[in-house]
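Asker: Below: one structure in structure tokens.
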Amino acid sequence: MLRDITLGQYYPVDSVLHRLDPRTKLFGTLVYIVTLFIADHILAYIAAAVFLTAAIRLSRVPVKFMVRGLKAVVFLLLISVSFNLFLTPGRPIFTIGFLKMTWEGVEIAAFMSIRLVFLVMGSTLLTLTTTPNQLTDGLERSLGFLKKVGVPVHEVSMMMSIALRFIPILVEETDKIMKAQMARGADFESGNLIQRAKAMVPLLVPLFISAFRRATDLAMAMEARCYRGGEGRTKMKPLHYERRDRMTYLVYLLYFALCVAIRFL
Amino acid sequence: MAIEVKHLDHRYGEGTIFEQYALKNVTLTIADGEFIGLIGHTGSGKSTLTQHLNGLLKATSGDILYNGESIYAEGYSMKELRGRVGLVFQYPEHQLFETDVFTDVCFGPKNLGLSEEEIKRRAAEALALVGLDESFYKQSPFELSGGQKRRAAIAGVLAMKPEVLILDEPTAGLDPRGRDDILGLVARLHEEQGMTVILVSHSMEDVARYVSRLVVMNRGEKVFDGTPREVFRHYKQLEKMGLAAPQITYVVHALRERGIAIDEDIMTVEEARDAILALWRKNA
């Protein structure tokens, strides 16, 4: 069940998208998110859908694998959809008590959910095609200018990459502890909210302990290999842009221009 | 007839590149009171198989019968099954969570919905079985030594009074003394309590001394099933799977190759010693 969380997981196949410079992909994701938020017309959503579909096809990651990642946001999606459906003023479709469903609500809810689904799929695609190491390398380089104002960019990106790297490990660990407690008759699925929260204790305590143990072990292992932060640290694989990256930036520019045009025309 | 496993298949990640068979057409019958060693290399499916036996994992296809009843039948109580088929995970001390040892051991029986009195009685009994006396009851489980932690965790499963006890690599990460303690404890549980025991391991030496039957898994399939003597005759094939017969098996086979008529089924150093002495006396 927990294996279904695809956010933060890398899908190892060889594709154009996998080979792109991580900075290119980061920037692309940013552009994509911005266009989703300025979109206010169905054409803009179609453009975004085309862009996303093309990216997914190019990534060679099975769509099934991506859709599974959406399960995690279904709950959020349901809440936002129901709020939008019933709490948007406008022409009513029907009313139940104080709840009034409106045409405007349906429209907003539809666009909102498309936006959210696209958003999650877009960012999932980034992590599916980029290893955590590449991702942080890209972030570190892209945000390098912040160093000048005293932001410890390297340290922050190192923390981020460790956090990302630990997601699957902790997920697996959670799965294991859950099973171990279920083998002792623990029940995580039934009962009311308070009972369920209480049932989490046998899961959370061992999980915290193991997370801290892993953290100290990792810190020790890093220090044993003379890690001392970003100062004077060189890269084994320095990032540099290729032709395909420049082409991709061109695609971004065109896509972005299109979305802006749709917005303002 | 306690557990019958019928044509069990388990596949992970269907439809992605991660897809793989964890179990492939495994058929196995485990009778009451048996002491079975389940052996296999890392990733051979042995742990996956054990997690099917108490319903933690559901098979992709195939069936498991417990005392004649299919555990996949509608309305079959998984909770009850888990009370009867106790599973001790690898590094079980990682699942300890309570403030003191006694309360932690009470967790299992409490989940079975027993009376307060019965819970306490069972916890005390289980702790006595693993050799932790009353001075440990009020200690934090996190302050115990490695071996003690593991015994406390095993007590946590024993307190449910399972009919079948499955232990997944119970000696992993222990020093030789801790290892002998745990294996001795398991053997005692089998003899004195009459429990059916399944011992999962990748170490032949560990299990050869105790079990009466060996099941060898490789790449999700059951490859050998028989007495340790029968299985160790295939020591060349075992090697190909990344397993090894006990060292003494190699000595015995080397002797036989040199034309010394020693029994090929010798499994322990003591047996080998006696056999060699007997041969030597006869020739002298």
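Naming works like this for the structure tokens: A, B, ... for the chains as they're shown, residue 1 at the start of each chain, ligands 1 onward in shown order.
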Using only C-alpha atoms, I'd like every residue of chain B that has an atom within 8 Å of chain A; please write them out as a VMD selection string.
Answerer: chain B and resid 15 to 16 54 56 79 82 to 83 86 to 89 92 94 to 98 107 to 109 111 to 112 156 to 157 160
Asker: Go ahead and write the selection's residues with C-alpha atoms as a PDB file, in the first residue's frame.
Answerer:
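Now in again36.pdb:
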ATOM      1  CA  GLY B  15       3.159  -3.533 -15.263  1.00  0.00           C
ATOM      2  CA  THR B  16       6.283  -1.550 -14.381  1.00  0.00           C
ATOM      3  CA  ASN B  54       0.091 -15.164   8.609  1.00  0.00           C
ATOM      4  CA  LEU B  56       0.432  -9.992   6.024  1.00  0.00           C
ATOM      5  CA  LYS B  79      -6.282 -11.178  13.573  1.00  0.00           C
ATOM      6  CA  ARG B  82      -1.873 -13.786  13.409  1.00  0.00           C
ATOM      7  CA  GLY B  83      -2.378 -14.846  17.002  1.00  0.00           C
ATOM      8  CA  GLY B  86       3.360 -15.866  15.381  1.00  0.00           C
ATOM      9  CA  LEU B  87       5.881 -14.120  13.150  1.00  0.00           C
ATOM     10  CA  VAL B  88       9.064 -12.684  14.602  1.00  0.00           C
ATOM     11  CA  PHE B  89      10.547 -10.265  12.084  1.00  0.00           C
ATOM     12  CA  PRO B  92      12.470  -7.625  16.065  1.00  0.00           C
ATOM     13  CA  HIS B  94      13.216  -2.444  16.165  1.00  0.00           C
ATOM     14  CA  GLN B  95       9.525  -2.796  16.893  1.00  0.00           C
ATOM     15  CA  LEU B  96       9.765  -2.218  20.654  1.00  0.00           C
ATOM     16  CA  PHE B  97       7.963   0.969  21.601  1.00  0.00           C
ATOM     17  CA  GLU B  98       6.573   0.900  25.131  1.00  0.00           C
ATOM     18  CA  PHE B 107       0.839  -5.474  23.443  1.00  0.00           C
ATOM     19  CA  GLY B 108       0.203  -8.695  21.517  1.00  0.00           C
ATOM     20  CA  PRO B 109      -2.205 -10.397  23.947  1.00  0.00           C
ATOM     21  CA  ASN B 111      -4.679  -6.855  20.784  1.00  0.00           C
ATOM     22  CA  LEU B 112      -6.203 -10.315  20.954  1.00  0.00           C
ATOM     23  CA  GLY B 156       6.204 -10.051  22.594  1.00  0.00           C
ATOM     24  CA  VAL B 157       5.188 -12.622  19.991  1.00  0.00           C
ATOM     25  CA  MET B 160       0.141 -14.428  22.020  1.00  0.00           C
TER      26      MET B 160
END
Asker: Please list as a ChimeraX atom specification every residue within 7 Å of B:Ala244, counting only C-alpha atoms and excluding residues in the same chain fewer than 2 positions away.
Answerer: /B:204,235,238-239,242,246
Asker: Residues near B:Ala187, anyone? I mean within 12 Å using only C-alpha atoms, not counting same-chain ones fewer than 3 positions away, as a ChimeraX atom specification.
Answerer: /B:33-37,129-130,165,167,180-184,190-199,206-207,209-212
Asker: Taking the backbone alone, and naming residues the way the document does, which bits of stretch 151-231 of chain B are alpha helix (DSSP H) by DSSP, as a ChimeraX atom specification?
Answerer: /B:151-158,176-193,204-208,228-231
Asker: List every residue of stretch 130-250 of chain B that DSSP, applied to the backbone of this structure, places in strand (DSSP E), and write the result as a ChimeraX atom specification.
Answerer: /B:164-168,196-201,213-218,221-226
Asker: Could those residues be written to a file, using N, CA, C and O atoms, as a PDB file, in the first residue's frame?
Answerer:
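The file below, again.pdb, is the result:
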ATOM      1  N   VAL B 164       2.064 -21.848  15.809  1.00  0.00           N
ATOM      2  CA  VAL B 164       3.189 -21.914  14.885  1.00  0.00           C
ATOM      3  C   VAL B 164       4.047 -20.681  15.128  1.00  0.00           C
ATOM      4  O   VAL B 164       3.525 -19.576  15.246  1.00  0.00           O
ATOM      5  N   LEU B 165       5.350 -20.881  15.237  1.00  0.00           N
ATOM      6  CA  LEU B 165       6.231 -19.746  15.442  1.00  0.00           C
ATOM      7  C   LEU B 165       7.193 -19.646  14.267  1.00  0.00           C
ATOM      8  O   LEU B 165       7.886 -20.602  13.940  1.00  0.00           O
ATOM      9  N   ILE B 166       7.181 -18.483  13.614  1.00  0.00           N
ATOM     10  CA  ILE B 166       8.094 -18.270  12.495  1.00  0.00           C
ATOM     11  C   ILE B 166       9.099 -17.209  12.909  1.00  0.00           C
ATOM     12  O   ILE B 166       8.721 -16.147  13.392  1.00  0.00           O
ATOM     13  N   LEU B 167      10.361 -17.506  12.747  1.00  0.00           N
ATOM     14  CA  LEU B 167      11.385 -16.526  13.099  1.00  0.00           C
ATOM     15  C   LEU B 167      12.217 -16.206  11.866  1.00  0.00           C
ATOM     16  O   LEU B 167      12.779 -17.096  11.250  1.00  0.00           O
ATOM     17  N   ASP B 168      12.244 -14.919  11.501  1.00  0.00           N
ATOM     18  CA  ASP B 168      12.985 -14.496  10.316  1.00  0.00           C
ATOM     19  C   ASP B 168      14.378 -14.057  10.754  1.00  0.00           C
ATOM     20  O   ASP B 168      14.533 -13.018  11.390  1.00  0.00           O
ATOM     21  N   THR B 196       5.098 -25.649  16.528  1.00  0.00           N
ATOM     22  CA  THR B 196       5.623 -25.840  15.189  1.00  0.00           C
ATOM     23  C   THR B 196       6.532 -24.648  14.932  1.00  0.00           C
ATOM     24  O   THR B 196       6.112 -23.513  15.122  1.00  0.00           O
ATOM     25  N   VAL B 197       7.772 -24.904  14.545  1.00  0.00           N
ATOM     26  CA  VAL B 197       8.699 -23.787  14.385  1.00  0.00           C
ATOM     27  C   VAL B 197       9.237 -23.738  12.958  1.00  0.00           C
ATOM     28  O   VAL B 197       9.596 -24.771  12.387  1.00  0.00           O
ATOM     29  N   ILE B 198       9.237 -22.548  12.386  1.00  0.00           N
ATOM     30  CA  ILE B 198       9.870 -22.341  11.089  1.00  0.00           C
ATOM     31  C   ILE B 198      10.983 -21.331  11.293  1.00  0.00           C
ATOM     32  O   ILE B 198      10.741 -20.195  11.705  1.00  0.00           O
ATOM     33  N   LEU B 199      12.188 -21.769  11.028  1.00  0.00           N
ATOM     34  CA  LEU B 199      13.345 -20.927  11.263  1.00  0.00           C
ATOM     35  C   LEU B 199      13.891 -20.478   9.908  1.00  0.00           C
ATOM     36  O   LEU B 199      14.315 -21.296   9.105  1.00  0.00           O
ATOM     37  N   VAL B 200      13.833 -19.167   9.667  1.00  0.00           N
ATOM     38  CA  VAL B 200      14.315 -18.648   8.389  1.00  0.00           C
ATOM     39  C   VAL B 200      15.759 -18.212   8.565  1.00  0.00           C
ATOM     40  O   VAL B 200      16.082 -17.523   9.531  1.00  0.00           O
ATOM     41  N   SER B 201      16.596 -18.618   7.650  1.00  0.00           N
ATOM     42  CA  SER B 201      18.004 -18.274   7.816  1.00  0.00           C
ATOM     43  C   SER B 201      18.718 -18.388   6.487  1.00  0.00           C
ATOM     44  O   SER B 201      18.209 -18.971   5.537  1.00  0.00           O
ATOM     45  N   ARG B 213      13.788 -30.738   9.200  1.00  0.00           N
ATOM     46  CA  ARG B 213      13.442 -30.657   7.784  1.00  0.00           C
ATOM     47  C   ARG B 213      13.946 -29.333   7.234  1.00  0.00           C
ATOM     48  O   ARG B 213      13.864 -28.303   7.917  1.00  0.00           O
ATOM     49  N   LEU B 214      14.446 -29.359   6.036  1.00  0.00           N
ATOM     50  CA  LEU B 214      14.976 -28.151   5.408  1.00  0.00           C
ATOM     51  C   LEU B 214      14.214 -27.859   4.121  1.00  0.00           C
ATOM     52  O   LEU B 214      13.997 -28.760   3.310  1.00  0.00           O
ATOM     53  N   VAL B 215      13.819 -26.606   3.961  1.00  0.00           N
ATOM     54  CA  VAL B 215      13.218 -26.185   2.702  1.00  0.00           C
ATOM     55  C   VAL B 215      14.138 -25.123   2.121  1.00  0.00           C
ATOM     56  O   VAL B 215      14.465 -24.155   2.796  1.00  0.00           O
ATOM     57  N   VAL B 216      14.574 -25.327   0.900  1.00  0.00           N
ATOM     58  CA  VAL B 216      15.499 -24.375   0.285  1.00  0.00           C
ATOM     59  C   VAL B 216      14.778 -23.591  -0.801  1.00  0.00           C
ATOM     60  O   VAL B 216      14.135 -24.170  -1.674  1.00  0.00           O
ATOM     61  N   MET B 217      14.880 -22.273  -0.722  1.00  0.00           N
ATOM     62  CA  MET B 217      14.257 -21.399  -1.720  1.00  0.00           C
ATOM     63  C   MET B 217      15.343 -20.775  -2.582  1.00  0.00           C
ATOM     64  O   MET B 217      16.420 -20.437  -2.095  1.00  0.00           O
ATOM     65  N   ASN B 218      15.029 -20.620  -3.859  1.00  0.00           N
ATOM     66  CA  ASN B 218      15.933 -19.888  -4.736  1.00  0.00           C
ATOM     67  C   ASN B 218      15.112 -19.150  -5.777  1.00  0.00           C
ATOM     68  O   ASN B 218      14.278 -19.737  -6.450  1.00  0.00           O
ATOM     69  N   GLU B 221      11.412 -19.773  -5.883  1.00  0.00           N
ATOM     70  CA  GLU B 221      10.902 -21.124  -6.048  1.00  0.00           C
ATOM     71  C   GLU B 221      11.461 -22.044  -4.974  1.00  0.00           C
ATOM     72  O   GLU B 221      12.575 -21.865  -4.504  1.00  0.00           O
ATOM     73  N   LYS B 222      10.663 -23.060  -4.641  1.00  0.00           N
ATOM     74  CA  LYS B 222      11.145 -24.067  -3.704  1.00  0.00           C
ATOM     75  C   LYS B 222      11.993 -25.046  -4.498  1.00  0.00           C
ATOM     76  O   LYS B 222      11.524 -25.622  -5.466  1.00  0.00           O
ATOM     77  N   VAL B 223      13.267 -25.209  -4.115  1.00  0.00           N
ATOM     78  CA  VAL B 223      14.115 -26.106  -4.895  1.00  0.00           C
ATOM     79  C   VAL B 223      14.375 -27.441  -4.203  1.00  0.00           C
ATOM     80  O   VAL B 223      14.427 -28.474  -4.857  1.00  0.00           O
ATOM     81  N   PHE B 224      14.564 -27.404  -2.890  1.00  0.00           N
ATOM     82  CA  PHE B 224      14.759 -28.660  -2.167  1.00  0.00           C
ATOM     83  C   PHE B 224      13.860 -28.678  -0.952  1.00  0.00           C
ATOM     84  O   PHE B 224      13.553 -27.652  -0.369  1.00  0.00           O
ATOM     85  N   ASP B 225      13.434 -29.883  -0.568  1.00  0.00           N
ATOM     86  CA  ASP B 225      12.592 -30.040   0.609  1.00  0.00           C
ATOM     87  C   ASP B 225      12.873 -31.441   1.144  1.00  0.00           C
ATOM     88  O   ASP B 225      12.582 -32.435   0.489  1.00  0.00           O
ATOM     89  N   GLY B 226      13.493 -31.537   2.296  1.00  0.00           N
ATOM     90  CA  GLY B 226      13.787 -32.857   2.839  1.00  0.00           C
ATOM     91  C   GLY B 226      14.550 -32.741   4.138  1.00  0.00           C
ATOM     92  O   GLY B 226      14.671 -31.646   4.692  1.00  0.00           O
TER      93      GLY B 226
END
Asker: Taking only C-alpha atoms into account, which of A:Trp103, A:Phe37, A:Phe86, A:Phe166 comes nearest A:Leu116?
Answerer: A:Phe37
